[in-house]
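Structure data (mmCIF, C-alpha atoms) from structure_5.cif:
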```cif
data_start
loop_
_atom_site.group_PDB
_atom_site.id
_atom_site.type_symbol
_atom_site.label_atom_id
_atom_site.label_comp_id
_atom_site.auth_asym_id
_atom_site.auth_seq_id
_atom_site.Cartn_x
_atom_site.Cartn_y
_atom_site.Cartn_z
ATOM 1 C CA MET A 1 26.673 -69.284 -2.607
ATOM 2 C CA SER A 2 25.134 -66.109 -3.949
ATOM 3 C CA LYS A 3 24.186 -63.383 -1.511
ATOM 4 C CA THR A 4 21.112 -62.629 -3.578
ATOM 5 C CA LEU A 5 17.882 -64.620 -3.696
ATOM 6 C CA VAL A 6 14.938 -64.359 -6.050
ATOM 7 C CA ALA A 7 11.875 -65.652 -4.204
ATOM 8 C CA TYR A 8 8.686 -65.735 -6.245
ATOM 9 C CA PHE A 9 5.090 -66.871 -6.268
ATOM 10 C CA SER A 10 3.576 -67.632 -9.662
ATOM 11 C CA THR A 11 0.386 -69.355 -10.751
ATOM 12 C CA THR A 12 0.417 -68.857 -14.515
ATOM 13 C CA GLY A 13 4.161 -68.769 -15.206
ATOM 14 C CA THR A 14 4.408 -65.048 -15.968
ATOM 15 C CA THR A 15 6.024 -64.118 -12.649
ATOM 16 C CA GLU A 16 8.186 -67.244 -12.790
ATOM 17 C CA LYS A 17 9.583 -66.194 -16.157
ATOM 18 C CA THR A 18 10.449 -62.742 -14.846
ATOM 19 C CA ALA A 19 11.996 -64.229 -11.685
ATOM 20 C CA LYS A 20 14.224 -66.506 -13.747
ATOM 21 C CA GLU A 21 15.364 -63.547 -15.871
ATOM 22 C CA ILE A 22 16.252 -61.587 -12.729
ATOM 23 C CA ALA A 23 18.140 -64.576 -11.301
ATOM 24 C CA GLN A 24 20.107 -64.958 -14.513
ATOM 25 C CA ILE A 25 21.031 -61.261 -14.671
ATOM 26 C CA SER A 26 21.961 -61.037 -10.993
ATOM 27 C CA GLY A 27 23.501 -64.485 -10.510
ATOM 28 C CA ALA A 28 20.964 -65.067 -7.728
ATOM 29 C CA ASP A 29 19.570 -68.274 -6.317
ATOM 30 C CA LEU A 30 15.908 -69.063 -7.032
ATOM 31 C CA PHE A 31 13.212 -70.052 -4.561
ATOM 32 C CA GLU A 32 9.624 -70.728 -5.568
ATOM 33 C CA ILE A 33 7.024 -69.843 -2.957
ATOM 34 C CA ARG A 34 4.701 -72.814 -3.367
ATOM 35 C CA PRO A 35 1.437 -73.325 -1.512
ATOM 36 C CA ALA A 36 1.192 -76.465 0.608
ATOM 37 C CA ILE A 37 -2.033 -77.150 -1.286
ATOM 38 C CA PRO A 38 -1.567 -76.143 -4.944
ATOM 39 C CA TYR A 39 -4.087 -73.779 -6.486
ATOM 40 C CA THR A 40 -6.384 -75.234 -9.120
ATOM 41 C CA LYS A 41 -7.836 -73.259 -12.003
ATOM 42 C CA ALA A 42 -11.138 -73.066 -10.083
ATOM 43 C CA ASP A 43 -9.266 -71.755 -7.017
ATOM 44 C CA LEU A 44 -7.961 -68.853 -9.110
ATOM 45 C CA ASP A 45 -11.307 -67.817 -10.622
ATOM 46 C CA TRP A 46 -11.526 -64.241 -9.326
ATOM 47 C CA MET A 47 -15.031 -63.911 -10.809
ATOM 48 C CA ASP A 48 -16.252 -66.590 -8.372
ATOM 49 C CA LYS A 49 -16.810 -65.017 -4.947
ATOM 50 C CA THR A 50 -16.409 -68.448 -3.332
ATOM 51 C CA SER A 51 -13.129 -69.389 -5.044
ATOM 52 C CA ARG A 52 -10.155 -70.010 -2.787
ATOM 53 C CA SER A 53 -8.175 -66.992 -4.008
ATOM 54 C CA THR A 54 -11.145 -64.648 -3.639
ATOM 55 C CA VAL A 55 -11.885 -65.864 -0.116
ATOM 56 C CA GLU A 56 -8.216 -65.508 0.875
ATOM 57 C CA MET A 57 -7.932 -62.012 -0.542
ATOM 58 C CA GLN A 58 -11.141 -60.844 1.149
ATOM 59 C CA ASP A 59 -9.567 -61.714 4.510
ATOM 60 C CA TYR A 60 -6.232 -59.929 4.718
ATOM 61 C CA SER A 61 -5.304 -61.948 7.810
ATOM 62 C CA SER A 62 -5.447 -65.109 5.672
ATOM 63 C CA ARG A 63 -2.052 -66.825 5.529
ATOM 64 C CA PRO A 64 -2.118 -69.760 3.114
ATOM 65 C CA GLU A 65 0.381 -72.384 4.197
ATOM 66 C CA ILE A 66 3.562 -72.643 2.137
ATOM 67 C CA ALA A 67 5.121 -75.959 1.154
ATOM 68 C CA GLU A 68 8.600 -75.041 2.422
ATOM 69 C CA THR A 69 10.698 -72.192 3.747
ATOM 70 C CA VAL A 70 14.170 -70.945 2.860
ATOM 71 C CA LYS A 71 16.408 -72.805 5.293
ATOM 72 C CA ASN A 72 19.473 -70.599 4.793
ATOM 73 C CA ILE A 73 17.851 -67.142 4.631
ATOM 74 C CA ASP A 74 20.613 -65.704 6.830
ATOM 75 C CA GLU A 75 23.084 -66.145 3.931
ATOM 76 C CA TYR A 76 21.272 -63.605 1.738
ATOM 77 C CA ASP A 77 21.666 -59.834 1.791
ATOM 78 C CA THR A 78 19.225 -58.987 -1.001
ATOM 79 C CA ILE A 79 15.940 -60.657 -1.865
ATOM 80 C CA PHE A 80 14.046 -59.932 -5.061
ATOM 81 C CA LEU A 81 10.445 -60.821 -4.198
ATOM 82 C CA GLY A 82 8.111 -61.563 -7.115
ATOM 83 C CA PHE A 83 4.376 -62.114 -7.321
ATOM 84 C CA PRO A 84 1.288 -61.356 -9.421
ATOM 85 C CA ILE A 85 -1.054 -58.601 -8.262
ATOM 86 C CA TRP A 86 -4.350 -59.902 -6.888
ATOM 87 C CA TRP A 87 -7.004 -57.370 -5.941
ATOM 88 C CA TYR A 88 -4.441 -54.525 -6.019
ATOM 89 C CA ILE A 89 -2.057 -56.155 -3.547
ATOM 90 C CA ALA A 90 0.289 -59.129 -3.335
ATOM 91 C CA PRO A 91 -1.388 -62.477 -2.681
ATOM 92 C CA THR A 92 -1.439 -63.166 1.061
ATOM 93 C CA ILE A 93 0.737 -66.255 0.541
ATOM 94 C CA VAL A 94 3.576 -63.762 -0.015
ATOM 95 C CA ASN A 95 2.963 -62.470 3.514
ATOM 96 C CA THR A 96 3.144 -66.077 4.716
ATOM 97 C CA PHE A 97 6.589 -66.344 3.122
ATOM 98 C CA LEU A 98 7.781 -63.060 4.643
ATOM 99 C CA GLU A 99 6.580 -64.102 8.088
ATOM 100 C CA SER A 100 8.251 -67.525 7.808
ATOM 101 C CA CYS A 101 11.774 -66.160 8.280
ATOM 102 C CA ASP A 102 13.749 -63.365 9.910
ATOM 103 C CA LEU A 103 14.360 -60.674 7.291
ATOM 104 C CA THR A 104 15.848 -58.087 9.639
ATOM 105 C CA GLY A 105 18.286 -55.909 7.711
ATOM 106 C CA LYS A 106 17.651 -57.692 4.393
ATOM 107 C CA ASN A 107 17.205 -55.566 1.273
ATOM 108 C CA ILE A 108 13.836 -56.493 -0.202
ATOM 109 C CA ARG A 109 13.175 -55.545 -3.822
ATOM 110 C CA PRO A 110 9.565 -56.468 -4.657
ATOM 111 C CA PHE A 111 8.448 -56.861 -8.250
ATOM 112 C CA PHE A 112 5.081 -57.811 -9.604
ATOM 113 C CA THR A 113 3.383 -58.835 -12.798
ATOM 114 C CA SER A 114 -0.068 -57.666 -13.708
ATOM 115 C CA GLY A 115 -2.465 -57.733 -16.602
ATOM 116 C CA GLY A 116 -3.309 -54.102 -15.980
ATOM 117 C CA SER A 117 -3.370 -53.291 -12.270
ATOM 118 C CA GLY A 118 -0.854 -51.110 -10.501
ATOM 119 C CA ALA A 119 0.748 -51.814 -7.130
ATOM 120 C CA GLY A 120 -2.221 -50.490 -5.147
ATOM 121 C CA ASN A 121 -1.489 -50.972 -1.432
ATOM 122 C CA THR A 122 1.125 -53.648 -2.029
ATOM 123 C CA ASP A 123 4.006 -51.929 -0.260
ATOM 124 C CA GLU A 124 1.930 -51.063 2.799
ATOM 125 C CA LYS A 125 0.520 -54.595 3.095
ATOM 126 C CA LEU A 126 3.895 -56.337 2.650
ATOM 127 C CA HIS A 127 5.958 -54.138 4.970
ATOM 128 C CA VAL A 128 3.938 -55.205 8.022
ATOM 129 C CA SER A 129 5.076 -58.804 7.475
ATOM 130 C CA ALA A 130 8.789 -57.875 7.575
ATOM 131 C CA PRO A 131 8.976 -54.506 9.339
ATOM 132 C CA ASN A 132 12.705 -54.715 10.020
ATOM 133 C CA ALA A 133 13.675 -55.300 6.402
ATOM 134 C CA ILE A 134 14.946 -52.541 4.130
ATOM 135 C CA TRP A 135 12.255 -52.100 1.493
ATOM 136 C CA ARG A 136 12.304 -50.639 -1.984
ATOM 137 C CA PRO A 137 8.999 -49.735 -3.678
ATOM 138 C CA ALA A 138 7.329 -52.550 -5.609
ATOM 139 C CA LYS A 139 8.087 -52.429 -9.347
ATOM 140 C CA ARG A 140 5.832 -53.676 -12.114
ATOM 141 C CA LEU A 141 7.798 -55.943 -14.463
ATOM 142 C CA ASN A 142 5.786 -57.346 -17.326
ATOM 143 C CA PRO A 143 7.211 -58.751 -20.573
ATOM 144 C CA ALA A 144 7.172 -55.272 -22.147
ATOM 145 C CA ASP A 145 9.378 -54.026 -19.301
ATOM 146 C CA MET A 146 12.142 -56.552 -19.931
ATOM 147 C CA VAL A 147 14.119 -54.045 -22.009
ATOM 148 C CA ASN A 148 14.975 -52.126 -18.835
ATOM 149 C CA LEU A 149 15.228 -55.158 -16.578
ATOM 150 C CA LYS A 150 19.030 -55.309 -16.437
ATOM 151 C CA SER A 151 19.377 -51.674 -15.337
ATOM 152 C CA TRP A 152 16.654 -52.126 -12.672
ATOM 153 C CA VAL A 153 18.291 -55.279 -11.287
ATOM 154 C CA GLN A 154 21.715 -53.673 -11.124
ATOM 155 C CA ASP A 155 20.435 -50.424 -9.581
#
```
As structure tokens, what does this structure read like?
Amino acid sequence: MSKTLVAYFSTTGTTEKTAKEIAQISGADLFEIRPAIPYTKADLDWMDKTSRSTVEMQDYSSRPEIAETVKNIDEYDTIFLGFPIWWYIAPTIVNTFLESCDLTGKNIRPFFTSGGSGAGNTDEKLHVSAPNAIWRPAKRLNPADMVNLKSWVQD
């Protein structure tokens, strides 16, 4: 088994595509962070102040339930962690994933996709959910960034 895992959360397929590219380059295993209750299009309407995603992101302590956890997390040394940026941070379901397993001593390499936003407070908000992991700064990886993807993965 690979000692590298690509764990990702994706709602539109953009982050999933990037995660699959990283897995292919690195020879990593893939794990999709799926919500126990899938998001609908209405849930993801950030213009609606009552939509599920908006309500979750307004309450940082929100931890949407995930459908499953990585059973063999102890076998991995490095975890590429992918997600879209929501309200200038990672969706709180990513924190749910991080808190679902012991990541002590694991190398975490976060990457995100975004239509225009930067990382904001992503690193700060994620590190609290796995304080004993070894963190690299979150990296924006959109389709235009794929040219340099191989060098970033192998760095």
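Minimum atom-to-atom distances from A:Thr69, A:Ala130, A:Gly27, A:Ala119 to Leu98 in chain A were compared using only C-alpha atoms, and the lowest value belongs to A:Ala130.
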**Asked** In Å, how far is it from CA of Glu68 in chain A to CA of Met47 in chain A?
**Response** 29.3 Å
**Message:** Selection in question (the file shown): the PyMOL selection byres ((chain A and resi 40) around 12). Which residues does it include, as an MDAnalysis selection string?
**Reply:** chainID A and resid 11:12 35 37:39 41:45 51:53
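Separating CA of Trp46 in chain A from CA of Tyr60 in chain A is a distance of 15.6 Å.
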**Message:** Taking the file as I've supplied it (selection: the PyMOL selection byres ((chain A and resi 25) around 9)), which residues are included? Please answer as a ChimeraX atom specification.
**Reply:** /A:20-24,26-28,149-150,153-154
**Message:** Can you tell me which residues surround range 70-84 of chain A at a distance of at most 6 Å, considering only C-alpha atoms, apart from same-chain residues fewer than 6 positions away, and format the answer as a PyMOL selection string?
**Reply:** chain A and resi 3-9+15+106-114
**Complete:** Separating CA of Ala90 in chain A from CA of Asp29 in chain A, to the nearest tenth of an Å, is a gap of 21.5 Å
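If you count all atoms listed in the file and ignore residues fewer than 3 places along the chain from Pro131 in chain A, what sits within 8 Å of it is Thr104, His127 and Val128 of chain A.
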**Item:** Surrounding residues of Arg63 in chain A excluding itself and chain neighbours under 2 positions, 12 Å, only C-alpha atoms, as number ranges by chain
**Value:** A: 35-36, 53, 55-61, 65-66, 90-100, 129
